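What's in query_22.txt: compact mmCIF, C-alpha atoms
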```txt
# COMPACT_ATOMS: atom_id res chain seq x y z
CA MET A 1 -18.76 -82.00 -23.10
CA LYS A 2 -21.96 -79.96 -22.85
CA ASN A 3 -21.09 -79.14 -19.25
CA ILE A 4 -17.60 -77.97 -20.20
CA ASN A 5 -19.04 -75.77 -22.96
CA PHE A 6 -21.55 -74.29 -20.54
CA ARG A 7 -18.87 -73.54 -17.94
CA MET A 8 -16.59 -72.10 -20.61
CA LYS A 9 -19.42 -69.82 -21.79
CA GLN A 10 -20.15 -68.77 -18.22
CA LYS A 11 -16.48 -67.94 -17.60
CA MET A 12 -16.27 -65.95 -20.85
CA ASN A 13 -19.39 -63.98 -19.89
CA GLU A 14 -17.87 -63.26 -16.48
CA VAL A 15 -14.51 -62.13 -17.87
CA PHE A 16 -16.04 -59.95 -20.60
CA SER A 17 -18.81 -58.52 -18.41
CA ILE A 18 -17.15 -55.08 -18.52
CA GLU A 19 -15.47 -53.17 -21.30
CA PRO A 20 -11.71 -52.52 -20.91
CA ASN A 21 -10.84 -49.10 -19.52
CA ASN A 22 -9.92 -46.40 -22.01
CA LEU A 23 -8.56 -43.16 -20.57
CA GLY A 24 -8.77 -41.29 -23.87
CA VAL A 25 -5.03 -40.74 -24.31
CA ASN A 26 -3.07 -43.78 -25.50
CA PHE A 27 -0.05 -43.51 -23.21
CA LEU A 28 -2.31 -42.89 -20.17
CA THR A 29 -4.30 -46.04 -20.94
CA ILE A 30 -1.08 -48.07 -21.30
CA TYR A 31 0.35 -46.81 -17.98
CA PHE A 32 -3.00 -47.26 -16.23
CA LYS A 33 -3.14 -50.88 -17.36
CA LYS A 34 0.48 -51.47 -16.33
CA ILE A 35 -0.07 -50.05 -12.82
CA THR A 36 -3.43 -51.73 -12.21
CA ALA A 37 -2.01 -55.09 -13.35
CA TYR A 38 0.16 -55.07 -10.18
CA LEU A 39 -2.87 -54.41 -8.00
CA LYS A 40 -5.03 -57.19 -9.40
CA ILE A 41 -3.07 -60.05 -7.82
CA ALA A 42 -1.51 -59.91 -4.32
CA PRO A 43 -1.59 -56.10 -4.07
CA PHE A 44 -0.04 -56.10 -0.58
CA ILE A 45 3.36 -57.01 -2.07
CA TYR A 46 3.40 -53.46 -3.48
CA ILE A 47 1.16 -51.71 -0.96
CA ILE A 48 3.22 -52.52 2.16
CA PRO A 49 6.62 -51.19 0.91
CA PHE A 50 4.80 -48.12 -0.44
CA THR A 51 3.10 -47.41 2.90
CA ILE A 52 6.32 -48.00 4.87
CA LEU A 53 8.04 -45.41 2.69
CA THR A 54 5.09 -43.01 2.98
CA ALA A 55 4.96 -43.37 6.78
CA LEU A 56 8.71 -42.70 7.09
CA ILE A 57 8.46 -39.61 4.87
CA LEU A 58 5.44 -38.44 6.88
CA TYR A 59 7.41 -38.92 10.09
CA LEU A 60 10.34 -36.92 8.70
CA PHE A 61 8.03 -34.05 7.73
CA LEU A 62 5.47 -34.12 10.53
CA GLY A 63 7.53 -35.51 13.42
CA ARG A 64 5.54 -35.24 16.65
CA LEU A 65 2.35 -34.42 14.74
CA LEU A 66 2.33 -37.99 13.42
CA VAL A 67 2.41 -39.37 16.97
CA ASN A 68 -0.50 -37.09 17.87
CA LEU A 69 -2.37 -38.22 14.76
CA VAL A 70 -2.01 -41.84 15.87
CA THR A 71 -3.41 -40.93 19.29
CA ILE A 72 -6.48 -39.40 17.59
CA LEU A 73 -6.87 -42.40 15.28
CA GLN A 74 -6.70 -44.76 18.23
CA TYR A 75 -9.81 -43.09 19.63
CA GLY A 76 -11.53 -43.54 16.28
CA TYR A 77 -12.94 -47.07 16.68
CA MET B 1 -31.37 -74.41 5.86
CA ALA B 2 -28.50 -75.10 8.31
CA THR B 3 -26.42 -76.61 5.50
CA ASP B 4 -27.13 -73.58 3.30
CA PHE B 5 -26.01 -71.29 6.08
CA ILE B 6 -22.78 -73.24 6.70
CA THR B 7 -22.06 -73.27 2.96
CA SER B 8 -22.54 -69.49 2.88
CA LEU B 9 -20.25 -69.09 5.88
CA VAL B 10 -17.53 -71.09 4.13
CA LEU B 11 -18.04 -68.95 1.00
CA VAL B 12 -17.77 -65.73 3.01
CA ILE B 13 -14.49 -66.89 4.61
CA ARG B 14 -13.17 -68.02 1.22
CA ASN B 15 -14.11 -64.71 -0.44
CA PHE B 16 -12.57 -62.73 2.41
CA ILE B 17 -9.26 -64.57 1.99
CA LEU B 18 -9.37 -64.33 -1.80
CA LEU B 19 -10.01 -60.57 -1.61
CA ILE B 20 -6.55 -60.29 -0.05
CA PHE B 21 -4.77 -62.31 -2.74
CA SER B 22 -6.75 -61.61 -5.90
CA PRO B 23 -9.17 -58.73 -5.33
CA TYR B 24 -9.98 -58.18 -9.00
CA LYS B 25 -11.04 -61.73 -9.84
CA THR B 26 -12.86 -62.21 -6.53
CA MET B 27 -14.82 -58.96 -6.75
CA ARG B 28 -15.85 -59.89 -10.30
CA LYS B 29 -17.24 -63.16 -8.97
CA ILE B 30 -18.94 -61.43 -6.02
CA SER B 31 -20.71 -59.02 -8.41
CA VAL B 32 -22.73 -61.95 -9.84
CA GLU B 33 -23.39 -63.54 -6.43
CA LYS B 34 -26.96 -64.56 -5.56
CA ASP B 35 -26.64 -66.14 -2.11
CA TYR B 36 -28.32 -63.75 0.35
CA TYR B 37 -27.14 -65.67 3.42
CA GLN B 38 -23.70 -64.19 2.81
CA LEU B 39 -25.11 -60.70 3.33
CA ILE B 40 -26.71 -61.81 6.60
CA ILE B 41 -23.37 -63.22 7.79
CA ILE B 42 -21.52 -59.97 6.98
CA ALA B 43 -24.25 -57.92 8.69
CA CYS B 44 -23.97 -60.18 11.77
CA LEU B 45 -20.19 -59.62 11.89
CA VAL B 46 -20.74 -55.86 11.81
CA PHE B 47 -23.41 -56.09 14.50
CA LEU B 48 -21.07 -58.17 16.71
CA TYR B 49 -18.42 -55.48 16.32
CA PHE B 50 -20.88 -52.77 17.45
CA LYS B 51 -21.85 -54.96 20.42
CA PHE B 52 -18.17 -55.32 21.31
CA ILE B 53 -17.35 -51.60 21.22
CA TYR B 54 -20.43 -50.82 23.29
CA PHE B 55 -18.44 -52.00 26.32
CA LEU B 56 -15.40 -49.87 25.41
CA ARG B 57 -16.98 -46.49 24.76
CA ASP B 58 -17.87 -43.87 27.33
CA GLN B 59 -21.58 -42.98 27.39
CA PRO B 60 -22.33 -45.16 24.36
CA TYR B 61 -25.47 -45.37 22.25
CA PRO B 62 -27.07 -48.83 22.14
CA ALA B 63 -25.38 -51.15 19.63
CA THR B 64 -28.70 -51.75 17.89
CA LEU B 65 -29.15 -48.04 17.23
CA ILE B 66 -25.61 -47.72 15.84
CA PHE B 67 -26.25 -50.78 13.67
CA ILE B 68 -29.50 -49.32 12.31
CA ILE B 69 -27.68 -46.09 11.44
CA PHE B 70 -24.92 -48.09 9.78
CA ILE B 71 -27.53 -49.97 7.68
CA PHE B 72 -29.11 -46.64 6.75
CA ASN B 73 -25.69 -45.25 5.66
CA PHE B 74 -25.00 -48.42 3.71
CA ILE B 75 -28.34 -48.31 1.86
CA LEU B 76 -27.83 -44.62 1.16
CA THR B 77 -24.37 -45.27 -0.30
CA VAL B 78 -25.52 -48.22 -2.40
CA PHE B 79 -28.57 -46.32 -3.63
CA PHE B 80 -26.44 -43.29 -4.58
CA PHE B 81 -24.09 -45.31 -6.80
CA TYR B 82 -26.97 -47.41 -8.16
CA PHE B 83 -28.97 -44.30 -9.05
CA LEU B 84 -26.00 -42.62 -10.80
CA SER B 85 -25.25 -45.80 -12.75
CA LYS B 86 -28.89 -46.31 -13.67
CA ILE B 87 -28.95 -42.89 -15.38
CA THR B 88 -26.42 -44.01 -17.98
CA ASP B 89 -26.95 -47.78 -18.06
CA LYS B 90 -30.39 -49.28 -17.54
CA LYS B 91 -29.06 -52.84 -17.17
CA VAL B 92 -27.32 -52.37 -13.79
CA GLU B 93 -28.57 -54.52 -10.92
CA TRP B 94 -29.22 -53.36 -7.36
CA LYS B 95 -28.21 -56.82 -6.07
CA SER B 96 -24.73 -56.55 -7.55
CA PHE B 97 -24.12 -53.24 -5.71
CA VAL B 98 -25.31 -54.70 -2.40
CA PHE B 99 -23.01 -57.73 -2.64
CA THR B 100 -19.88 -55.90 -3.77
CA PHE B 101 -20.30 -53.07 -1.24
CA SER B 102 -20.91 -55.59 1.56
CA TYR B 103 -17.66 -57.35 0.80
CA SER B 104 -15.79 -54.06 0.56
CA LEU B 105 -16.63 -53.62 4.26
CA PHE B 106 -14.00 -56.23 5.07
CA PRO B 107 -10.99 -53.82 5.42
CA THR B 108 -13.19 -51.44 7.45
CA LEU B 109 -14.16 -54.21 9.82
CA ILE B 110 -10.53 -55.35 10.25
CA TRP B 111 -9.33 -51.80 10.94
CA PHE B 112 -12.06 -50.98 13.45
CA LEU B 113 -11.73 -54.34 15.23
CA SER B 114 -7.92 -54.15 15.47
CA THR B 115 -8.03 -50.51 16.60
CA SER B 116 -10.48 -51.36 19.37
CA PHE B 117 -8.27 -54.29 20.46
CA LEU B 118 -5.22 -52.03 20.42
CA TYR B 119 -7.19 -49.54 22.52
CA ILE B 120 -7.37 -52.22 25.22
CA VAL B 121 -3.80 -53.53 24.85
CA LEU B 122 -2.00 -50.21 24.19
CA PRO B 123 -4.37 -47.43 25.25
CA PRO B 124 -3.69 -43.91 23.89
CA PRO B 125 -2.17 -41.30 24.21
CA ARG B 126 1.02 -42.30 22.40
CA THR B 127 4.24 -41.05 23.89
CA PHE B 128 7.28 -39.48 22.23
CA THR B 129 9.66 -42.22 23.37
CA LEU B 130 11.42 -44.46 20.84
CA LEU B 131 8.83 -47.21 21.34
CA GLY B 132 5.97 -44.72 21.07
CA LYS B 133 7.34 -43.34 17.79
CA ALA B 134 7.98 -46.85 16.42
CA PHE B 135 4.43 -47.90 17.24
CA SER B 136 3.08 -44.72 15.63
CA ILE B 137 4.93 -45.46 12.39
CA PHE B 138 3.71 -49.07 12.49
CA PHE B 139 0.12 -47.94 13.07
CA ILE B 140 0.28 -45.47 10.15
CA VAL B 141 1.72 -48.18 7.87
CA TYR B 142 -1.03 -50.58 8.94
CA SER B 143 -3.83 -48.03 8.58
CA LEU B 144 -2.59 -46.73 5.22
CA SER B 145 -2.27 -50.27 3.84
CA LEU B 146 -5.84 -51.07 4.83
CA LEU B 147 -7.03 -47.73 3.43
CA ILE B 148 -5.41 -48.40 0.04
CA TRP B 149 -6.89 -51.91 0.03
CA LYS B 150 -10.28 -50.44 0.90
CA LEU B 151 -10.02 -47.94 -1.97
CA ILE B 152 -9.14 -50.74 -4.39
CA LEU B 153 -12.13 -52.82 -3.24
CA GLU B 154 -14.46 -49.82 -3.34
CA TYR B 155 -13.31 -48.96 -6.87
CA LEU B 156 -13.76 -52.57 -8.00
CA ALA B 157 -17.19 -52.71 -6.34
CA VAL B 158 -18.35 -49.69 -8.35
CA ARG B 159 -16.57 -50.89 -11.49
CA PHE B 160 -18.15 -54.35 -11.57
CA SER B 161 -21.58 -53.24 -10.40
CA SER B 162 -21.96 -50.14 -12.54
CA LYS B 163 -19.79 -51.34 -15.46
CA GLN B 164 -18.66 -47.73 -15.95
CA SER B 165 -15.25 -46.49 -17.11
CA PHE B 166 -12.48 -45.23 -14.81
CA PHE B 167 -13.21 -41.50 -15.17
CA ARG B 168 -16.94 -41.93 -14.62
CA ILE B 169 -16.21 -43.90 -11.44
CA VAL B 170 -13.87 -41.13 -10.23
CA TYR B 171 -16.60 -38.53 -10.88
CA MET B 172 -19.13 -40.68 -9.04
CA ILE B 173 -16.79 -41.00 -6.04
CA ILE B 174 -16.17 -37.21 -6.00
CA LEU B 175 -19.94 -36.58 -6.08
CA TYR B 176 -20.35 -39.11 -3.27
CA LEU B 177 -17.72 -37.38 -1.13
CA ILE B 178 -19.39 -33.98 -1.65
CA TRP B 179 -22.39 -35.03 0.43
CA PHE B 180 -20.82 -37.80 2.48
CA LEU B 181 -18.08 -35.69 4.13
CA PRO B 182 -20.50 -33.13 5.68
CA TYR B 183 -22.78 -36.04 6.61
CA SER B 184 -19.84 -37.75 8.40
CA ILE B 185 -19.17 -34.53 10.33
CA LEU B 186 -22.83 -34.52 11.39
CA LEU B 187 -22.50 -38.13 12.59
CA TYR B 188 -19.36 -37.12 14.49
CA GLN B 189 -21.15 -34.16 16.11
CA LEU B 190 -23.94 -36.49 17.18
CA LYS B 191 -21.24 -38.80 18.67
CA LEU B 192 -22.49 -41.73 16.59
CA PHE B 193 -19.31 -42.39 14.60
CA ARG B 194 -15.90 -40.81 15.17
CA ILE B 195 -14.61 -42.23 11.88
CA PRO B 196 -17.37 -43.19 9.41
CA PHE B 197 -17.93 -46.94 9.25
CA ILE B 198 -18.27 -47.49 5.47
```

Before we go any further, please render this structure as structure tokens.
Amino acid sequence: MKNINFRMKQKMNEVFSIEPNNLGVNFLTIYFKKITAYLKIAPFIYIIPFTILTALILYLFLGRLLVNLVTILQYGY
Amino acid sequence: MATDFITSLVLVIRNFILLIFSPYKTMRKISVEKDYYQLIIIACLVFLYFKFIYFLRDQPYPATLIFIIFIFNFILTVFFFYFLSKITDKKVEWKSFVFTFSYSLFPTLIWFLSTSFLYIVLPPPRTFTLLGKAFSIFFIVYSLSLLIWKLILEYLAVRFSSKQSFFRIVYMIILYLIWFLPYSILLYQLKLFRIPFI
């Protein structure tokens, strides 16, 4: 029982180690919390579709420049 | 000692995997980490990467020199955020910054390693054929995904180590970029890093 209490206390200390974010304006704080909630667990579910869309838009706008950019990035290791 | 090291290795692998699936919870745990072997393992992985690219680059600097410069950059970065946090909150710990920033190197390491492998398998320049364009889009998607993941980890590293609010962290990152961007250009001019390894 003592052990469970100790672990519980430890977990509570860990979870409440930082104060919740407050952006000053109420609606901003609400939206910030809503958006960040998606990024806390398995963020790639949202990141990958977002980056696919971004890359396609970039290709539509930049065209050949995007291919050149990749060439430069490939030398970046 | 050997058992401690193996345990740390298992923990590093576990944390690396968990950073993909639950970055918030994992980074929170990492911020209270005390096992220094984990830092040694991460540093060894980075050193192995520098050893590997030594054979790929033209007229390279020795891997040890690049590694020492990387360690210097890392300490500089950690110290900068630690110093800024210490001004407002005296309770922040140096150790917490070192652990969280070390683990936030994971996306960097993946990107640099995969790019160097791709350099061997599909050497640049990219062409304007259909396959060339398709690969370019794939590479941008891959790089952007890792960049966003890196930003999330970096933000969480500062958040859990400094315990500051969102806006303060943004200000700290802006201040960091003010000196780090010219510094990166200097490293590029010296042919040490083409893209900063942070």

Neighbouring residues of B:Phe97 were defined as those with any atom within 12 Å, considering all atoms listed in the file; residues of the same chain fewer than 3 positions away were excluded. Please report them as a compact mmCIF listing (two decimals) with C-alpha atoms, in the frame of the given file.
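For reference, result.txt as written:
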```
# COMPACT_ATOMS: atom_id res chain seq x y z
CA MET B 27 -14.82 -58.96 -6.75
CA ARG B 28 -15.85 -59.89 -10.30
CA ILE B 30 -18.94 -61.43 -6.02
CA SER B 31 -20.71 -59.02 -8.41
CA VAL B 32 -22.73 -61.95 -9.84
CA GLU B 33 -23.39 -63.54 -6.43
CA LYS B 34 -26.96 -64.56 -5.56
CA LEU B 39 -25.11 -60.70 3.33
CA PHE B 74 -25.00 -48.42 3.71
CA ILE B 75 -28.34 -48.31 1.86
CA LEU B 76 -27.83 -44.62 1.16
CA THR B 77 -24.37 -45.27 -0.30
CA VAL B 78 -25.52 -48.22 -2.40
CA PHE B 79 -28.57 -46.32 -3.63
CA PHE B 80 -26.44 -43.29 -4.58
CA PHE B 81 -24.09 -45.31 -6.80
CA TYR B 82 -26.97 -47.41 -8.16
CA PHE B 83 -28.97 -44.30 -9.05
CA LEU B 84 -26.00 -42.62 -10.80
CA SER B 85 -25.25 -45.80 -12.75
CA LYS B 86 -28.89 -46.31 -13.67
CA VAL B 92 -27.32 -52.37 -13.79
CA GLU B 93 -28.57 -54.52 -10.92
CA TRP B 94 -29.22 -53.36 -7.36
CA THR B 100 -19.88 -55.90 -3.77
CA PHE B 101 -20.30 -53.07 -1.24
CA SER B 102 -20.91 -55.59 1.56
CA TYR B 103 -17.66 -57.35 0.80
CA SER B 104 -15.79 -54.06 0.56
CA GLU B 154 -14.46 -49.82 -3.34
CA TYR B 155 -13.31 -48.96 -6.87
CA LEU B 156 -13.76 -52.57 -8.00
CA ALA B 157 -17.19 -52.71 -6.34
CA VAL B 158 -18.35 -49.69 -8.35
CA ARG B 159 -16.57 -50.89 -11.49
CA PHE B 160 -18.15 -54.35 -11.57
CA SER B 161 -21.58 -53.24 -10.40
CA SER B 162 -21.96 -50.14 -12.54
CA LYS B 163 -19.79 -51.34 -15.46
```

Checklist entry - Taking all atoms listed in the file into account, what are the residues of chain A at most 6 Å from chain B, put as a PyMOL selection string? => result chain A and resi 18+21+40-42+51-52+55+67+70-71+76-77

Next on the checklist: So the first atom is atom CA of B:Lys191 and the second is atom CA of B:Tyr54; what is the distance between them in Å, to one decimal place?
Outcome noted: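 It comes out at 12.9 Å.
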
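Pairwise distance (atom CA of A:Asn22, atom CA of B:Ile87) equals 20.5 Å.
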
Checklist entry - Separation of atom CA of A:Tyr31 and atom CA of B:Pro107, in Å? => result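 Those two atoms sit 26.9 Å apart.
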
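Minimum atom-to-atom distance to A:Leu39, evaluated using all atoms listed in the file, belongs to B:Leu151 out of B:Tyr61, B:Leu175, B:Val170, B:Leu151.
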